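To start, the structure itself, in structure tokens.
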Amino acid sequence: MEAEGHKLRTRNLRKTYGYVEALADASIKVSEGEFLTLLGPSGSGKTTMLMAIAGLNEPDSGDIWIDGKLATHLPSFQRDIGMVFQNYALFPHMTIFENIAFPLQMRKMDSGKIRESVGRVLETVKLPDLANRMPGELSGGQQQRIALARAFVYEPSIILMDEPLGALDKKLRDHLQLEIKHLHGALGITVLYVTHDQEEAMVMSDRICLMNDARIEQIGTPDELYFQPATVFAADFLGESNLMDGTVMKANRKEMVVSGPGETTIRGLHNPELKPGDKCKLMVRPECISVLNGKARSDNSIAGTLKDMIITGAVTKSFIELPGGGEIRTTELTRGPLATASLGQEIKLGWPSERTVILKAADPSS
Amino acid sequence: MSISASTTEAPPRRARKSALLRYWPLYPAFLFLGFFFLYPVILLLGLSFVDNQGALTGEHYSRLVASSTYLKVLMITLKIAGWTTVIAILAGYPVAYLLATVKTSTRNRLIIWVLMPFWTSFLVRTFAWIVLLGRKGALNQWLEALGLVDQPVAMIFNFAGVMIGMVHALMPLCILTMLSVMENIDTNLTKAASTLGARGGQAFWRIYFPLSVPGIAAGGMLVFITALGFFITPALLGGARETMIVQVIIFNIQEVLNWGFAGAIAVLLLVAVLIIFYLYDRLLGLSTLSGESSLAAQSSSRANPFSRLGKFLGGLFIEAMASICEKAGAFYDHIFPRKANRPSRRHSRRVIWGAGLAIIGFLALPALFIIPVSFTEAGFLSWPPEGFSLKWYEGVFESNVWFRAALRSFIVAIFAAFLGMCIGVPAAFLLVRQSFLGKAAVFAFLVSPIIIPNIIIAVSLFYLYSKLGLTGTTVGLILGHTVLAIPYVVITVMAVLKNYDVRLDQAAWTLGASKLKTLWLVTFPLVRAGMIAAFMFAFIISFDELTIALFVTGGEVTTLPKQMWDDALLRVSPTLAAVATLLLLFMSGVILGSEFLRRRSKQMG
Ligand SMILES: Nc1ncnc2c1ncn2[C@@H]1O[C@H](COP(=O)(O)OP(=O)(O)OP(=O)(O)O)[C@@H](O)[C@H]1O
Ligand SMILES: [Mg+2]
């Protein structure tokens with residue numbers, strides 16, 4: 001069937017709450033063992049998507065396949081998925097042991113085996129001594145790990161996590177990110193993960209599904225999303241970017257030539273959606289821009305005045321004002337070529353054409 | 001570190017003095033309840049230990065024990081209260097569950113109907129049941145018309161009548177208490193259970209139900225205690241065999257004038273109440289009564305044999321229900337397999353809606369039957385009403401008695417509510433905002449007027465007033481009703497304040513507002529809706545109050561409920577239906593008005 005080869009697949013999922021469209025046209029394919037992250041601003045439909053896959057809300061239309069089998073309207077308990085909730089959702093009236101044993105009891109495992117599995121999974125999350133405590137008696141980080149243990153213990157083939165680390169402090173979050181990634185590698189499970197923290201998404205994911213306003217904006221590896229964003233929103237949401245207005249002049253199969261700010265001509269990657277004469281946006285990451293000294297050349301170059309420099313630690317950010325208005329930001333290692341420059345100085349910047357992304361100008365309406 | 005270290009040192013004298021001052025908001029409440037509640041109750045209970053000459057004696061108690069009558073009445077009282085509680089919980093639970101699991105807007109709309117019996121006068125409801133269930137009542141007429149019965153079925157003036165009346169009166173209380181617990185159950189928990197492999201019924205019994213048990217216990221407890229003090233419903237809807245203990249107390253005071261013996265029976269009732277509270281505390285912890293911290297109470301696994309037994313039996317019950325649900329669900333799925341390509345049928349949801357709406361109908365509709373009857377031409381309450389006539393209304397409006405009773409009720413209720421607010425609001429603020437030693441005890445004292453059966457307060461006040469010369473005065477009535485209003489004000493205002501974000505006040509302080517200014521400009525506007533609700537609550541409690549009025553009016557001044565009661569004892573005539581209809585209109589006006597005010601101040605907030 002069409003869903004074959006994918007662990008999880010959705011097609012044109014749509015969900016509305018009254019007049020609010022919470023999810024539209026969502027199609028994803030997740031392979032076995034993959035770590036896919038749904039990333040997007042608040043209210044972009046991440047939770048709605050996850051809930052639909054978990055069987056916790058009924059999509060208005062569209063389909064879901066799990067393991068190649070249609071599962072759109074199957075109840076949650078028949079889907080063989082595990083879910084980790086943002087606020088953990090540990091059952092407050094059960095001990096940690098009872099919490100973790102719950103899914104095994106639902107699967108009618110005998111009590112000796114249950115004891116063994118719970119002990120093993122508690123070892124895995126490094127909390128072997130907490131079995132008899134109540135959830136209310138654990139710290140946030142511990143509760144989080146128990147929630148993970150409860151989702152892992154019955155070895156579901158897909159685990160869904162809705163901002164599982166959202167409530168934790170930065171340090172613990174960094175630590176648990178690595179732990180989750182490690183568990184993912186060790187157990188070979190498929191993970192669908194939700195976060196609105198782009199750094200977390202970059203660190204953990206095989207692929208990222210970027211969502212915006214109930215729609216999927218772009219799906220790709222962190223590298224693709226970062227260096228080849230498909231839309232202005234994607235370029236803006238992930239990391240820092242320089243966005244400049246331009247008009248397409250020429251296009252061939254590989255490259256496009258665009259008239260950029262201040263009478264410049266800039267070469268960038270081909271975008272099949274655009275044709276000569278179209279308005280467009282140029283995007284370059286700050287770290288791809290370098291200072292051109294003396295005779296040095298680059299595919300693209302532009303001149304401006306150095307306005308400001310900020311040392312943030314290992315990297316230094318510079319702000320260069322363009323003659324026709326507008327500004328370009330660069331980042332380079334501290335004590336790099338710009339270190340000797342003084343404010344107000346005229347500077348020439350350059351960057352390669354394969355690092356220049358040409359995007360459709362965003363609708364004026366949005 | 002330095003802050004916590006300094007608090008352990010002995011406070012200097014000035015600090016101690018200001019600590020006394022710090023509790024000033026409690027003093028009005030303490031003084032008032034001390035004098036008009038605690039003192040007279042102690043006086044009354046003391047009476048049971050002295051004879052006519054004032055010498056110490058045990059004669060009242062030996063008489064109490066000697067005759068089996070009183071023990072029997074106590075047993076009947078416990079039986080009636082017990083069954084009322086069981087039925088109120090069983091019928092109220094689906095409603096509370098429905099309310100807890102629908103959208104907020106739907107919930108607010110449904111709650112108005114649930115509260116309907118709460119707002120419609122006590123006596124109106126009782127008369128409605130007579131119209132509906134009497135020998136010539138609507139239901140019997142219909143049954144006969146349908147040919148289901150040959151003779152009218154006796155549905156009231158017996159045990160069933162008492163049950164219907166009492167469950168109807170008390171179920172809203174039970175539902176609201178259970179709802180307050182259910183609302184705090186994280187909806188993700190049942191979802192989590194279902195992703196972990198639990199079927200709907202299993203998730204409910206293993207997760208949702210255990211978490212709602214504190215609500216059931218608290219609701220049941222409140223219903224039981226309140227039911228123990230009932231006498232109006234059993235007197236009007238029950239037969240001779242459904243005599244409750246309060247009726248015996250009233251008999252001893254009004255007919256026999258034996259205060260000492262009445263006091264002894266009151267002690268018996270009070271002891272029964274206290275024993276029940278004690279058992280409840282051992283089993284679940286009193287803190288669960290306020291509907292919160294139920295989990296803390298559970299997790300600190302109170303290690304006494306009682307609670308362990310309770311836990312064990314509860315566990316068995318839950319296990320049984322869960323596996324029944326699982327088997328049934330699996331069987332159903334076996335016959336009608338789930339289709340992955342079609343939305344599943346949510347029968348269970350439909351069943352809950354059906355049951356919930358039926359029960360809400362039971363709560364809300366009966367009062368409406370009183371309206372057509374008030375326009376009858378016949379000389380007695382009968383169904384269907386004969387012809388159309390306004391003569392009963394004319395009678396009401398022409399008679400001075402009804403007008404004066406209504407006016408007095410209104411004045412008393414306004415003043416009692418106002419006084420209750422003045423005394424209760426500061427205390428509520430202190431209880432929410434400060435933590436101090438003995439806070440739980442203070443709270444218990446402030447709300448004890450609703451735990452102690454009203455009749456005991458009424459009789460005690462009667463005794464006190466007879467010494468102060470307050471019997472038969474409007475002031476006496478106002479003071480008595482204030483005693484009852486204070487607990488409701490305290491509870492309502494505390495509930496509002498608990499949801500209030502104190503950081504708003506702190507923000508105002510940092511912005512330069514004084515404490516008083518903050519209270520006036522920030523806090524009050526934000527909690528205004530809650531304050532209006534508290535006032536309305538107190539008003540209605542007083543407006544509908546009969547027990548205290550029965551005693552302290554001394555037959556001279558009268559309130560609306562008292563006038564209706566006196567009339568009903570003589571003859572249940574359509575005049576009462578007319579008065580009840582007017583009352584229904586008035587109350588609806590009050591409720592709608594306060595709802596309007598509440599919404600408006602909410603929008604502004
Ligand atoms: N139960 C609901 N009823 C009505 N609207 C809802 C409901 N759940 C979500 N929405 C709406 O659907 C949209 C998407 O919500 P969703 O919870 O999926 O966002 P999200 O991406 O998970 O956001 P966040 O990062 O804040 O969790 C939002 O506009 C939200 O207001
Ligand atoms: Mg979310």
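For the structure tokens, the naming scheme is as follows: chains receive sequential letters (A, B, ...) according to their order of presentation, residues are indexed from 1 within each chain, and ligands are indexed from 1 in presentation order.
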Give me, as a PyMOL selection string, the set of residues whose atoms come within 9 Å of any atom of ligand 1, counting only C-alpha atoms and all ligand atoms.
(chain A and resi 15-23+38-51+86+162-163+194-196+211-214) or (chain B and resi 103)
Taking only C-alpha atoms into account, find every residue of chain A that has an atom no more than 7 Å from chain B, and write it out as a VMD selection string.
chain A and resid 54 56 70 to 74 76 to 78 81 to 83 89 91 93 103 106 134
If you run DSSP on the backbone, which residues of region 45-284 of chain A are strand (DSSP E), as an MDAnalysis selection string?
chainID A and resid 61:66 69:70 81:84 158:162 190:195 207:212 215:220 242:251 255:259 265:269 279:284
Determine, counting only C-alpha atoms, which protein, DNA and RNA residues have an atom within 10 Å of an atom of Gln143 (chain A); residues of the same chain fewer than 2 positions away are not included. Present the result as a ChimeraX atom specification.
/A:87-90,96,134-141,145-149
Now that the selection is made, can you save its residues with C-alpha atoms as a compact mmCIF listing (two decimals), in the first residue's frame?
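Saved to selection.txt:
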```
# COMPACT_ATOMS: atom_id res chain seq x y z
CA ASN A 87 3.02 18.14 32.67
CA TYR A 88 3.97 14.46 32.97
CA ALA A 89 0.40 13.24 33.75
CA LEU A 90 1.63 10.82 36.41
CA ILE A 96 5.82 5.28 41.12
CA MET A 134 4.16 9.04 45.36
CA PRO A 135 4.55 11.31 42.30
CA GLY A 136 3.95 14.39 44.45
CA GLU A 137 7.06 13.51 46.41
CA LEU A 138 9.45 13.77 43.45
CA SER A 139 11.24 16.73 41.94
CA GLY A 140 10.29 17.94 38.47
CA GLY A 141 13.25 16.24 36.82
CA ARG A 145 12.13 10.61 34.03
CA ILE A 146 9.36 8.52 35.55
CA ALA A 147 7.04 9.73 32.81
CA LEU A 148 9.64 8.60 30.29
CA ALA A 149 9.99 5.27 32.03
```
Residues within 10 Å of region 440-442 of chain B, please, as a PyMOL selection string. Count only C-alpha atoms; anything in the same chain fewer than 2 positions from it doesn't count.
chain B and resi 26+30+286-287+427+431+435-438+444-448
Go ahead and write the selection's residues with all heavy atoms as an mmCIF file, in the first residue's frame.
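Resulting contents of selection24.cif:
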```cif
data_model
loop_
_atom_site.group_PDB
_atom_site.id
_atom_site.type_symbol
_atom_site.label_atom_id
_atom_site.label_comp_id
_atom_site.auth_asym_id
_atom_site.auth_seq_id
_atom_site.Cartn_x
_atom_site.Cartn_y
_atom_site.Cartn_z
ATOM 1 N N LEU B 26 -10.049 38.954 62.363
ATOM 2 C CA LEU B 26 -10.799 37.831 62.917
ATOM 3 C C LEU B 26 -11.678 38.243 64.091
ATOM 4 O O LEU B 26 -12.651 37.568 64.406
ATOM 5 C CB LEU B 26 -9.832 36.747 63.406
ATOM 6 C CG LEU B 26 -9.082 35.972 62.330
ATOM 7 C CD1 LEU B 26 -8.119 34.996 62.978
ATOM 8 C CD2 LEU B 26 -10.068 35.213 61.463
ATOM 9 N N PHE B 30 -15.057 36.519 65.650
ATOM 10 C CA PHE B 30 -14.958 35.803 66.921
ATOM 11 C C PHE B 30 -15.967 36.336 67.923
ATOM 12 O O PHE B 30 -16.694 35.564 68.562
ATOM 13 C CB PHE B 30 -13.547 35.952 67.512
ATOM 14 C CG PHE B 30 -12.586 34.949 66.967
ATOM 15 C CD1 PHE B 30 -12.948 34.098 65.945
ATOM 16 C CD2 PHE B 30 -11.311 34.847 67.493
ATOM 17 C CE1 PHE B 30 -12.061 33.170 65.441
ATOM 18 C CE2 PHE B 30 -10.416 33.922 67.000
ATOM 19 C CZ PHE B 30 -10.789 33.087 65.971
ATOM 20 N N LEU B 286 -10.128 15.398 57.640
ATOM 21 C CA LEU B 286 -11.099 16.483 57.534
ATOM 22 C C LEU B 286 -10.712 17.466 56.452
ATOM 23 O O LEU B 286 -11.566 18.134 55.880
ATOM 24 C CB LEU B 286 -11.205 17.220 58.870
ATOM 25 C CG LEU B 286 -12.242 16.674 59.842
ATOM 26 C CD1 LEU B 286 -12.353 17.575 61.047
ATOM 27 C CD2 LEU B 286 -13.591 16.548 59.162
ATOM 28 N N SER B 287 -9.414 17.559 56.171
ATOM 29 C CA SER B 287 -8.974 18.564 55.209
ATOM 30 C C SER B 287 -9.626 18.339 53.851
ATOM 31 O O SER B 287 -9.789 19.263 53.077
ATOM 32 C CB SER B 287 -7.464 18.531 55.065
ATOM 33 O OG SER B 287 -7.061 17.270 54.611
ATOM 34 N N ALA B 427 -12.366 38.315 57.747
ATOM 35 C CA ALA B 427 -11.869 37.019 58.224
ATOM 36 C C ALA B 427 -11.412 36.156 57.051
ATOM 37 O O ALA B 427 -10.358 35.509 57.111
ATOM 38 C CB ALA B 427 -12.957 36.310 59.028
ATOM 39 N N LEU B 431 -7.730 34.551 56.396
ATOM 40 C CA LEU B 431 -7.558 33.100 56.294
ATOM 41 C C LEU B 431 -6.840 32.713 55.002
ATOM 42 O O LEU B 431 -6.086 31.749 54.972
ATOM 43 C CB LEU B 431 -8.908 32.399 56.356
ATOM 44 C CG LEU B 431 -9.489 32.249 57.765
ATOM 45 C CD1 LEU B 431 -10.889 31.680 57.703
ATOM 46 C CD2 LEU B 431 -8.612 31.354 58.625
ATOM 47 N N SER B 435 -0.700 32.659 56.943
ATOM 48 C CA SER B 435 -0.710 31.325 57.535
ATOM 49 C C SER B 435 -0.304 31.471 58.981
ATOM 50 O O SER B 435 0.625 32.200 59.305
ATOM 51 C CB SER B 435 0.248 30.407 56.791
ATOM 52 O OG SER B 435 1.538 30.922 56.875
ATOM 53 N N PHE B 436 -1.054 30.863 59.849
ATOM 54 C CA PHE B 436 -0.736 30.965 61.273
ATOM 55 C C PHE B 436 -1.167 29.685 61.959
ATOM 56 O O PHE B 436 -1.918 28.875 61.401
ATOM 57 C CB PHE B 436 -1.421 32.184 61.902
ATOM 58 C CG PHE B 436 -2.894 32.264 61.617
ATOM 59 C CD1 PHE B 436 -3.807 31.643 62.439
ATOM 60 C CD2 PHE B 436 -3.353 32.950 60.493
ATOM 61 C CE1 PHE B 436 -5.169 31.725 62.164
ATOM 62 C CE2 PHE B 436 -4.712 33.029 60.216
ATOM 63 C CZ PHE B 436 -5.616 32.411 61.059
ATOM 64 N N LEU B 437 -0.701 29.544 63.151
ATOM 65 C CA LEU B 437 -0.999 28.338 63.914
ATOM 66 C C LEU B 437 -2.501 28.289 64.203
ATOM 67 O O LEU B 437 -3.097 29.306 64.545
ATOM 68 C CB LEU B 437 -0.205 28.383 65.228
ATOM 69 C CG LEU B 437 0.215 27.024 65.772
ATOM 70 C CD1 LEU B 437 1.208 26.383 64.824
ATOM 71 C CD2 LEU B 437 0.819 27.207 67.150
ATOM 72 N N GLY B 438 -3.101 27.131 64.054
ATOM 73 C CA GLY B 438 -4.508 26.997 64.409
ATOM 74 C C GLY B 438 -5.441 27.563 63.355
ATOM 75 O O GLY B 438 -6.608 27.809 63.627
ATOM 76 N N ALA B 444 -12.670 26.098 61.011
ATOM 77 C CA ALA B 444 -13.713 25.191 61.476
ATOM 78 C C ALA B 444 -14.723 25.941 62.342
ATOM 79 O O ALA B 444 -15.937 25.749 62.216
ATOM 80 C CB ALA B 444 -13.102 24.029 62.254
ATOM 81 N N PHE B 445 -14.217 26.828 63.200
ATOM 82 C CA PHE B 445 -15.125 27.577 64.071
ATOM 83 C C PHE B 445 -16.030 28.495 63.248
ATOM 84 O O PHE B 445 -17.238 28.560 63.469
ATOM 85 C CB PHE B 445 -14.322 28.379 65.101
ATOM 86 C CG PHE B 445 -15.168 29.276 65.959
ATOM 87 C CD1 PHE B 445 -16.137 28.745 66.800
ATOM 88 C CD2 PHE B 445 -15.008 30.650 65.913
ATOM 89 C CE1 PHE B 445 -16.933 29.571 67.581
ATOM 90 C CE2 PHE B 445 -15.801 31.484 66.695
ATOM 91 C CZ PHE B 445 -16.761 30.947 67.524
ATOM 92 N N LEU B 446 -15.436 29.175 62.279
ATOM 93 C CA LEU B 446 -16.216 30.135 61.501
ATOM 94 C C LEU B 446 -17.302 29.460 60.668
ATOM 95 O O LEU B 446 -18.339 30.053 60.399
ATOM 96 C CB LEU B 446 -15.304 30.968 60.588
ATOM 97 C CG LEU B 446 -14.333 31.913 61.290
ATOM 98 C CD1 LEU B 446 -13.579 32.755 60.276
ATOM 99 C CD2 LEU B 446 -15.076 32.812 62.255
ATOM 100 N N VAL B 447 -17.043 28.236 60.218
ATOM 101 C CA VAL B 447 -18.068 27.579 59.403
ATOM 102 C C VAL B 447 -18.941 26.628 60.225
ATOM 103 O O VAL B 447 -19.856 26.022 59.684
ATOM 104 C CB VAL B 447 -17.467 26.808 58.200
ATOM 105 C CG1 VAL B 447 -16.671 27.746 57.316
ATOM 106 C CG2 VAL B 447 -16.630 25.651 58.666
ATOM 107 N N SER B 448 -18.666 26.514 61.532
ATOM 108 C CA SER B 448 -19.431 25.544 62.323
ATOM 109 C C SER B 448 -20.934 25.826 62.351
ATOM 110 O O SER B 448 -21.705 24.889 62.498
ATOM 111 C CB SER B 448 -18.866 25.420 63.728
ATOM 112 O OG SER B 448 -18.809 26.666 64.345
#
```
Show which residues sit within 12 Å of Ile80 (chain B), as a CSV table (one decimal) with N, CA, C and O atoms, in the first residue's frame. Count only C-alpha atoms, and ignore same-chain residues fewer than 5 positions away.
```csv
chain,number,residue,atom,x,y,z
B,73,VAL,N,-36.1,7.0,67.2
B,73,VAL,CA,-36.1,8.2,66.4
B,73,VAL,C,-34.8,8.6,65.8
B,73,VAL,O,-34.6,8.9,64.6
B,74,LEU,N,-33.8,8.4,66.7
B,74,LEU,CA,-32.4,8.7,66.2
B,74,LEU,C,-32.0,7.7,65.1
B,74,LEU,O,-31.5,8.1,64.0
B,75,MET,N,-32.4,6.5,65.2
B,75,MET,CA,-32.1,5.5,64.2
B,75,MET,C,-32.9,5.8,62.9
B,75,MET,O,-32.3,5.8,61.8
B,85,THR,N,-28.2,10.5,51.5
B,85,THR,CA,-26.8,10.7,51.1
B,85,THR,C,-26.5,9.7,49.9
B,85,THR,O,-25.9,10.1,48.9
B,86,VAL,N,-26.9,8.5,50.1
B,86,VAL,CA,-26.5,7.5,49.1
B,86,VAL,C,-27.2,7.8,47.8
B,86,VAL,O,-26.5,7.9,46.7
B,87,ILE,N,-28.4,8.2,47.8
B,87,ILE,CA,-29.1,8.5,46.5
B,87,ILE,C,-28.6,9.8,45.9
B,87,ILE,O,-28.4,9.9,44.7
B,88,ALA,N,-28.3,10.8,46.8
B,88,ALA,CA,-27.8,12.0,46.3
B,88,ALA,C,-26.4,11.8,45.6
B,88,ALA,O,-26.2,12.4,44.6
B,158,ASN,N,-45.0,9.4,53.0
B,158,ASN,CA,-44.4,8.1,53.4
B,158,ASN,C,-42.9,8.3,53.2
B,158,ASN,O,-42.4,9.4,52.9
B,159,PHE,N,-42.2,7.2,53.3
B,159,PHE,CA,-40.7,7.2,53.2
B,159,PHE,C,-40.3,7.7,51.8
B,159,PHE,O,-39.4,8.5,51.7
B,160,ALA,N,-40.9,7.2,50.8
B,160,ALA,CA,-40.6,7.7,49.4
B,160,ALA,C,-40.7,9.2,49.3
B,160,ALA,O,-39.8,9.8,48.7
B,161,GLY,N,-41.7,9.7,49.8
B,161,GLY,CA,-41.9,11.2,49.7
B,161,GLY,C,-40.8,11.9,50.4
B,161,GLY,O,-40.3,12.9,49.8
B,162,VAL,N,-40.4,11.5,51.6
B,162,VAL,CA,-39.3,12.1,52.3
B,162,VAL,C,-38.0,12.0,51.5
B,162,VAL,O,-37.3,13.0,51.3
B,163,MET,N,-37.8,10.9,50.9
B,163,MET,CA,-36.6,10.7,50.1
B,163,MET,C,-36.6,11.6,48.9
B,163,MET,O,-35.6,12.3,48.6
B,164,ILE,N,-37.7,11.7,48.2
B,164,ILE,CA,-37.8,12.5,47.0
B,164,ILE,C,-37.5,14.0,47.4
B,164,ILE,O,-36.6,14.7,46.8
B,165,GLY,N,-38.2,14.4,48.5
B,165,GLY,CA,-38.0,15.8,48.9
B,165,GLY,C,-36.6,16.1,49.3
B,165,GLY,O,-36.0,17.2,49.0
B,166,MET,N,-36.0,15.2,50.1
B,166,MET,CA,-34.7,15.5,50.7
B,166,MET,C,-33.6,15.4,49.7
B,166,MET,O,-32.7,16.2,49.6
B,167,VAL,N,-33.7,14.4,48.8
B,167,VAL,CA,-32.7,14.3,47.8
B,167,VAL,C,-32.7,15.5,46.8
B,167,VAL,O,-31.7,16.0,46.5
B,223,VAL,N,-24.0,16.4,52.8
B,223,VAL,CA,-25.4,16.1,52.7
B,223,VAL,C,-25.9,15.4,53.9
B,223,VAL,O,-27.0,15.7,54.5
B,224,PHE,N,-25.1,14.4,54.4
B,224,PHE,CA,-25.6,13.6,55.6
B,224,PHE,C,-25.8,14.5,56.8
B,224,PHE,O,-26.8,14.5,57.5
B,225,ILE,N,-24.8,15.4,57.1
B,225,ILE,CA,-24.9,16.3,58.2
B,225,ILE,C,-26.1,17.2,58.1
B,225,ILE,O,-26.9,17.4,59.0
B,226,THR,N,-26.3,17.8,56.9
B,226,THR,CA,-27.4,18.7,56.7
B,226,THR,C,-28.7,17.9,56.9
B,226,THR,O,-29.7,18.4,57.4
B,227,ALA,N,-28.8,16.7,56.3
B,227,ALA,CA,-30.0,15.9,56.4
B,227,ALA,C,-30.4,15.6,57.8
B,227,ALA,O,-31.6,15.5,58.1
B,228,LEU,N,-29.4,15.4,58.7
B,228,LEU,CA,-29.7,15.1,60.1
B,228,LEU,C,-30.6,16.1,60.7
B,228,LEU,O,-31.4,15.9,61.6
B,229,GLY,N,-30.4,17.4,60.3
B,229,GLY,CA,-31.1,18.5,60.9
B,229,GLY,C,-32.4,18.9,60.2
B,229,GLY,O,-33.0,19.8,60.5
B,230,PHE,N,-32.9,18.0,59.2
B,230,PHE,CA,-34.1,18.4,58.5
B,230,PHE,C,-35.3,18.1,59.3
B,230,PHE,O,-35.4,17.2,60.1
B,231,PHE,N,-36.3,19.0,59.2
B,231,PHE,CA,-37.6,18.7,59.7
B,231,PHE,C,-38.8,19.1,58.9
B,231,PHE,O,-39.9,18.6,59.0
B,233,THR,N,-39.1,19.0,55.4
B,233,THR,CA,-39.5,18.1,54.4
B,233,THR,C,-40.2,16.8,55.0
B,233,THR,O,-41.3,16.4,54.6
B,234,PRO,N,-39.6,16.2,56.1
B,234,PRO,CA,-40.3,15.1,56.6
B,234,PRO,C,-41.7,15.5,57.2
B,234,PRO,O,-42.6,14.7,57.1
B,238,GLY,N,-43.6,13.5,54.7
B,238,GLY,CA,-43.5,12.2,55.3
B,238,GLY,C,-44.8,11.9,56.0
B,238,GLY,O,-45.7,12.7,56.2
B,241,ARG,N,-44.5,7.9,60.6
B,241,ARG,CA,-43.3,7.0,60.9
B,241,ARG,C,-42.0,7.7,60.5
B,241,ARG,O,-40.9,7.2,60.9
B,242,GLU,N,-42.1,8.7,59.7
B,242,GLU,CA,-40.8,9.4,59.3
B,242,GLU,C,-40.5,10.6,60.2
B,242,GLU,O,-40.1,11.6,59.8
B,243,THR,N,-40.8,10.5,61.5
B,243,THR,CA,-40.5,11.6,62.4
B,243,THR,C,-39.0,11.6,62.7
B,243,THR,O,-38.4,10.6,63.0
B,244,MET,N,-38.4,12.8,62.5
B,244,MET,CA,-37.0,12.9,62.7
B,244,MET,C,-36.7,13.6,64.0
B,244,MET,O,-37.6,14.2,64.6
B,245,ILE,N,-35.5,13.5,64.4
B,245,ILE,CA,-35.2,13.8,65.8
B,245,ILE,C,-35.4,15.3,66.1
B,245,ILE,O,-35.8,15.7,67.2
```
Would you please give, as a PyMOL selection string, all residues of region 190-317 of chain A that DSSP assigns to helix (DSSP H, G or I) based on the backbone?
chain A and resi 198-204+222-227+232-237+261-263+286-288
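For region 170-181 of chain A, the residues within 10 Å (counting only C-alpha atoms, excluding itself and residues fewer than 3 positions away along the chain) are A:Phe35, A:Thr124, A:Val125, A:Gly140, A:Gly141, A:Gln144, A:Arg145, A:Leu148, A:Pro164, A:Leu165, A:Gly166, A:Ala167, A:His184, A:Gly185, A:Ala186, A:Val191, A:Glu200, A:Ala201, A:Val203, A:Met204, A:Ser205.
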